[in-house]
Amino acid sequence: VAAPADQARAWRVNPFALGVASGRPRPDSMVLWTRLLFSDEDRALGTEALRVQVEVFADAALKRRVQQATVVTDDTRAHSVHWHVQRLQPSTDYWYRFRQGDALSAVGHTRTAPAMNAEVRQLRIALASCQHYEQGQFVAHQEIAQQALDFVLFMGDYIYESSNPQYAVRKHHGEEPKSLAQYRARYEQYKRDPMLQAAHAAHPWVLMWDDHEVVNDYANDQDRQFTDPQQMLKRRAAAYQAYFEHQPLLLGPDANEPASMRLYDQLSWGRLADLWTLDCRQYRSAQACRDPVRGGGRMVMQCDELSDPSRTMLGHTQEGWLTERLRQSTRPWKLVAQATQISSTSVPAPSGRAYWNDAWDGYPEARKRLLQTVVDAKLQNVVTLG
């Protein structure tokens, strides 16, 4: 990051037009997010490194400031700001805002997770996914913003790269994104939605991606068009980088490898529950019995590939990690959050049953291993969320 110019900026248009967000709640920490957006009048600032001040308060009136920091950002990260604020108190409400020059962001509210050994009586979440901008207003987010929640659990398809004019009530800008600039523009359009902004400003979010953040029905380095895998990975890298630039996520040690960022994680909620968020796209085997002309998801029958035990939905590293964590869990509730439906949706057909090969039905041996772990470890109260 280049050294920022320190003089106070006089903004013609407030750069915090994409709102604020918090995420990855822990008993003592949280990730706070925003992104500076440059209007035509302020375009000259768009290539500079800028200092952004972040303040955290213990009260909604913003009278009791408990922490502050200065974060430097520039155009290599779309002027996004991620602050991993630490040394917070468990089960505590906080309010936060960002400042750059004479511009102030909206105020966000967040709440830390309970202490690891706390006796917690309830966990209240909103489960959301599949928010296709063109196919409806985000009124559910307006409702989510008004609810008393511990966090929002978002399980994929935060943006859609594709359009379907048949159902469109409002339009995407631009063509289908494939480059970093195009994915950034798509997030910018979604993030401008005031109801989505309200849900982010009201609660911390726990996030996982699915396919449409990159391209419909992709599997690891394969897409429906049978694109050369190296080209597909370049597109995936651009999509992943834009995703991280627009979400309250902690950038890990692989942050400089945007094509292979680890997102799967575990969150413990006091002594009440363990939650695992699973990445069902980045590491999976290609769909079984793909159409050689039109790849991706489809209904399949009499497909021998389905019974191949080497095929995986999660990748062998993530699968082993989940197996170990499930076996070790001592909390009464075990929540397995992922992007699709684990139970079967097969349908009867003239010559047997037909299975949707893009969901867990298309990875029955991997599903069997997951469920066998639950059986072998004699686990109770395992809930799958998707």
# chains A, B, ... in the order shown; residues from 1 in each chain; ligands from 1

$ residues_around --residues "Ala239 of chain A" --least-positions-apart "2" --cutoff "12 Å" --atoms "only C-alpha atoms" --output "MDAnalysis selection string"
chainID A and resid 158:161 176:187 209:215 232:237 241:246 258:261 282

$ write_last_selection --atoms "N, CA and C atoms" --output "short mmCIF file (atom, residue, chain, number, x, y, z; two decimals), in the first residue's frame"
data_model
loop_
_atom_site.label_atom_id
_atom_site.label_comp_id
_atom_site.auth_asym_id
_atom_site.auth_seq_id
_atom_site.Cartn_x
_atom_site.Cartn_y
_atom_site.Cartn_z
N TYR A 158 -24.87 -14.45 -2.85
CA TYR A 158 -25.02 -13.06 -2.41
C TYR A 158 -25.27 -12.16 -3.62
N ILE A 159 -24.58 -12.46 -4.72
CA ILE A 159 -24.88 -11.82 -6.00
C ILE A 159 -25.24 -12.92 -7.00
N TYR A 160 -25.80 -12.51 -8.11
CA TYR A 160 -26.00 -13.40 -9.26
C TYR A 160 -25.26 -12.82 -10.44
N GLU A 161 -24.47 -13.68 -11.08
CA GLU A 161 -23.77 -13.25 -12.29
C GLU A 161 -24.70 -13.32 -13.50
N GLU A 176 -22.65 -9.95 -18.01
CA GLU A 176 -22.27 -10.96 -17.03
C GLU A 176 -20.82 -10.74 -16.59
N PRO A 177 -20.56 -10.63 -15.29
CA PRO A 177 -19.20 -10.33 -14.84
C PRO A 177 -18.25 -11.51 -15.04
N LYS A 178 -17.06 -11.18 -15.49
CA LYS A 178 -15.99 -12.17 -15.62
C LYS A 178 -14.66 -11.62 -15.13
N SER A 179 -14.50 -10.31 -15.11
CA SER A 179 -13.27 -9.68 -14.65
C SER A 179 -13.46 -9.12 -13.24
N LEU A 180 -12.36 -8.76 -12.59
CA LEU A 180 -12.42 -8.18 -11.25
C LEU A 180 -13.24 -6.90 -11.26
N ALA A 181 -13.02 -6.03 -12.25
CA ALA A 181 -13.77 -4.78 -12.31
C ALA A 181 -15.27 -5.04 -12.45
N GLN A 182 -15.63 -6.05 -13.24
CA GLN A 182 -17.06 -6.35 -13.44
C GLN A 182 -17.69 -6.94 -12.18
N TYR A 183 -16.97 -7.83 -11.48
CA TYR A 183 -17.51 -8.36 -10.23
C TYR A 183 -17.65 -7.26 -9.18
N ARG A 184 -16.66 -6.36 -9.12
CA ARG A 184 -16.77 -5.24 -8.18
C ARG A 184 -18.01 -4.40 -8.48
N ALA A 185 -18.27 -4.16 -9.76
CA ALA A 185 -19.44 -3.35 -10.14
C ALA A 185 -20.74 -4.05 -9.75
N ARG A 186 -20.77 -5.38 -9.87
CA ARG A 186 -21.98 -6.11 -9.50
C ARG A 186 -22.24 -6.03 -7.99
N TYR A 187 -21.17 -6.18 -7.18
CA TYR A 187 -21.34 -6.01 -5.74
C TYR A 187 -21.77 -4.59 -5.39
N TRP A 209 -20.16 -18.64 0.57
CA TRP A 209 -20.56 -18.47 -0.83
C TRP A 209 -21.14 -19.76 -1.39
N ASP A 210 -21.80 -19.64 -2.54
CA ASP A 210 -22.21 -20.81 -3.33
C ASP A 210 -21.70 -20.59 -4.76
N ASP A 211 -22.50 -20.89 -5.76
CA ASP A 211 -21.97 -20.85 -7.13
C ASP A 211 -22.09 -19.49 -7.80
N HIS A 212 -23.19 -18.76 -7.58
CA HIS A 212 -23.43 -17.57 -8.38
C HIS A 212 -22.49 -16.42 -8.06
N GLU A 213 -21.78 -16.48 -6.97
CA GLU A 213 -20.72 -15.49 -6.74
C GLU A 213 -19.62 -15.60 -7.78
N VAL A 214 -19.55 -16.74 -8.47
CA VAL A 214 -18.58 -16.94 -9.56
C VAL A 214 -19.34 -17.15 -10.87
N VAL A 215 -19.93 -18.34 -11.04
CA VAL A 215 -20.74 -18.64 -12.21
C VAL A 215 -21.61 -19.85 -11.89
N MET A 232 -10.76 -20.67 -16.14
CA MET A 232 -11.79 -20.70 -15.12
C MET A 232 -11.23 -20.26 -13.77
N LEU A 233 -10.03 -20.69 -13.43
CA LEU A 233 -9.42 -20.30 -12.16
C LEU A 233 -9.12 -18.81 -12.12
N LYS A 234 -8.78 -18.22 -13.26
CA LYS A 234 -8.58 -16.77 -13.30
C LYS A 234 -9.89 -16.04 -13.00
N ARG A 235 -10.97 -16.53 -13.60
CA ARG A 235 -12.27 -15.92 -13.32
C ARG A 235 -12.63 -16.10 -11.85
N ARG A 236 -12.39 -17.31 -11.33
CA ARG A 236 -12.71 -17.58 -9.94
C ARG A 236 -11.90 -16.69 -9.01
N ALA A 237 -10.64 -16.45 -9.34
CA ALA A 237 -9.80 -15.59 -8.52
C ALA A 237 -10.35 -14.17 -8.47
N GLN A 241 -11.80 -12.50 -5.04
CA GLN A 241 -11.25 -11.25 -4.52
C GLN A 241 -12.35 -10.22 -4.32
N ALA A 242 -13.26 -10.10 -5.29
CA ALA A 242 -14.35 -9.14 -5.15
C ALA A 242 -15.25 -9.51 -3.98
N TYR A 243 -15.45 -10.80 -3.75
CA TYR A 243 -16.26 -11.24 -2.61
C TYR A 243 -15.64 -10.76 -1.30
N PHE A 244 -14.35 -11.02 -1.12
CA PHE A 244 -13.69 -10.61 0.12
C PHE A 244 -13.66 -9.10 0.26
N GLU A 245 -13.52 -8.38 -0.85
CA GLU A 245 -13.49 -6.92 -0.78
C GLU A 245 -14.82 -6.33 -0.31
N HIS A 246 -15.90 -7.09 -0.41
CA HIS A 246 -17.22 -6.55 -0.12
C HIS A 246 -17.91 -7.20 1.07
N PRO A 258 -6.03 -15.23 -4.09
CA PRO A 258 -7.49 -15.09 -4.14
C PRO A 258 -8.19 -16.26 -4.82
N ALA A 259 -7.46 -17.07 -5.58
CA ALA A 259 -8.11 -18.20 -6.25
C ALA A 259 -8.35 -19.36 -5.30
N SER A 260 -7.80 -19.29 -4.10
CA SER A 260 -7.93 -20.45 -3.19
C SER A 260 -8.09 -20.00 -1.75
N MET A 261 -8.96 -19.04 -1.50
CA MET A 261 -9.15 -18.53 -0.15
C MET A 261 -10.01 -19.49 0.67
N GLN A 282 -15.66 -24.77 -3.77
CA GLN A 282 -14.26 -24.58 -4.14
C GLN A 282 -13.51 -25.90 -4.32
#

$ select_by_dssp --residues "segment 24-251 of chain A" --states "strand (DSSP E)" --output "PyMOL selection string"
chain A and resi 30-35+50-57+65-73+80-85+93-100+103-104+108-111+125-128+151-155+204-208

$ closest_residue --among "A:Leu272, A:Leu45, A:Val293, A:Leu153" --to "Arg121 of chain A" --atoms "only C-alpha atoms"
A:Leu272

$ closest_residue --among "A:Val374, A:Ala198, A:Cys289, A:Leu207" --to "His109 of chain A" --atoms "only C-alpha atoms"
A:Ala198

$ atom_distance --atom1 "atom CA of Gln100 of chain A" --atom2 "atom CA of Arg77 of chain A"
16.5 Å

$ closest_residue --among "A:Thr373, A:Ser268, A:Thr47, A:Gln146" --to "Trp333 of chain A" --atoms "only C-alpha atoms"
A:Ser268

$ residues_around --residues "Tyr355 of chain A" --least-positions-apart "3" --cutoff "6 Å" --atoms "only C-alpha atoms" --output "PyMOL selection string"
chain A and resi 299-300+346+361

$ closest_residue --among "A:Ser329, A:Gln131, A:Asn164, A:Gln225" --to "Leu196 of chain A" --atoms "only C-alpha atoms"
A:Gln131

$ select_by_dssp --residues "segment 154-219 of chain A" --states "helix (DSSP H, G or I)" --output "number ranges by chain"
A: 165-167, 180-191, 194-202

$ write_last_selection --atoms "C-alpha atoms" --output "PDB file, in the first residue's frame"
ATOM      1  CA  PRO A 165     -35.518 -11.590 -18.153  1.00  0.00           C
ATOM      2  CA  GLN A 166     -38.626 -13.712 -17.597  1.00  0.00           C
ATOM      3  CA  TYR A 167     -38.594 -12.859 -13.874  1.00  0.00           C
ATOM      4  CA  LEU A 180     -12.423  -8.182 -11.254  1.00  0.00           C
ATOM      5  CA  ALA A 181     -13.775  -4.780 -12.310  1.00  0.00           C
ATOM      6  CA  GLN A 182     -17.055  -6.348 -13.439  1.00  0.00           C
ATOM      7  CA  TYR A 183     -17.514  -8.358 -10.226  1.00  0.00           C
ATOM      8  CA  ARG A 184     -16.769  -5.236  -8.183  1.00  0.00           C
ATOM      9  CA  ALA A 185     -19.437  -3.353 -10.136  1.00  0.00           C
ATOM     10  CA  ARG A 186     -21.985  -6.114  -9.498  1.00  0.00           C
ATOM     11  CA  TYR A 187     -21.336  -6.011  -5.736  1.00  0.00           C
ATOM     12  CA  GLU A 188     -21.560  -2.230  -5.840  1.00  0.00           C
ATOM     13  CA  GLN A 189     -25.048  -2.462  -7.334  1.00  0.00           C
ATOM     14  CA  TYR A 190     -26.230  -4.976  -4.725  1.00  0.00           C
ATOM     15  CA  LYS A 191     -24.621  -3.112  -1.821  1.00  0.00           C
ATOM     16  CA  PRO A 194     -31.004   0.292   1.195  1.00  0.00           C
ATOM     17  CA  MET A 195     -32.775  -2.760   2.639  1.00  0.00           C
ATOM     18  CA  LEU A 196     -29.672  -4.932   2.305  1.00  0.00           C
ATOM     19  CA  GLN A 197     -27.638  -2.135   3.895  1.00  0.00           C
ATOM     20  CA  ALA A 198     -30.087  -2.024   6.795  1.00  0.00           C
ATOM     21  CA  ALA A 199     -29.713  -5.752   7.510  1.00  0.00           C
ATOM     22  CA  HIS A 200     -25.925  -5.421   7.507  1.00  0.00           C
ATOM     23  CA  ALA A 201     -25.990  -2.362   9.753  1.00  0.00           C
ATOM     24  CA  ALA A 202     -28.307  -4.039  12.268  1.00  0.00           C
TER      25      ALA A 202
END

$ residues_around --residues "segment 301-313 of chain A" --least-positions-apart "5" --cutoff "12 Å" --atoms "only C-alpha atoms" --output "NGL selection string"
:A and (219-220 or 278-291 or 318-320 or 338-340 or 342 or 346-370)

$ decode --residues "segment 369-380 of chain A" --atoms "N, CA and C atoms" --output "short mmCIF file (atom, residue, chain, number, x, y, z; two decimals), in the first residue's frame"
data_model
loop_
_atom_site.label_atom_id
_atom_site.label_comp_id
_atom_site.auth_asym_id
_atom_site.auth_seq_id
_atom_site.Cartn_x
_atom_site.Cartn_y
_atom_site.Cartn_z
N ARG A 369 -20.72 -40.61 4.05
CA ARG A 369 -19.62 -40.46 5.00
C ARG A 369 -19.97 -39.44 6.08
N LEU A 370 -20.60 -38.32 5.68
CA LEU A 370 -20.99 -37.30 6.65
C LEU A 370 -22.00 -37.85 7.66
N LEU A 371 -23.03 -38.51 7.14
CA LEU A 371 -24.07 -39.04 8.03
C LEU A 371 -23.55 -40.19 8.88
N GLN A 372 -22.60 -40.97 8.33
CA GLN A 372 -22.03 -42.07 9.11
C GLN A 372 -21.22 -41.53 10.28
N THR A 373 -20.57 -40.39 10.08
CA THR A 373 -19.86 -39.75 11.19
C THR A 373 -20.82 -39.43 12.33
N VAL A 374 -21.99 -38.91 11.98
CA VAL A 374 -23.00 -38.58 12.99
C VAL A 374 -23.44 -39.84 13.73
N VAL A 375 -23.65 -40.93 12.98
CA VAL A 375 -24.10 -42.18 13.58
C VAL A 375 -23.00 -42.78 14.48
N ASP A 376 -21.79 -42.86 13.94
CA ASP A 376 -20.70 -43.51 14.67
C ASP A 376 -20.37 -42.77 15.96
N ALA A 377 -20.45 -41.44 15.93
CA ALA A 377 -20.14 -40.65 17.11
C ALA A 377 -21.34 -40.49 18.04
N LYS A 378 -22.48 -41.12 17.65
CA LYS A 378 -23.71 -41.07 18.45
C LYS A 378 -24.10 -39.63 18.78
N LEU A 379 -24.06 -38.78 17.77
CA LEU A 379 -24.35 -37.37 17.97
C LEU A 379 -25.86 -37.13 17.98
N GLN A 380 -26.29 -36.25 18.85
CA GLN A 380 -27.70 -35.83 18.94
C GLN A 380 -27.83 -34.38 18.48
#
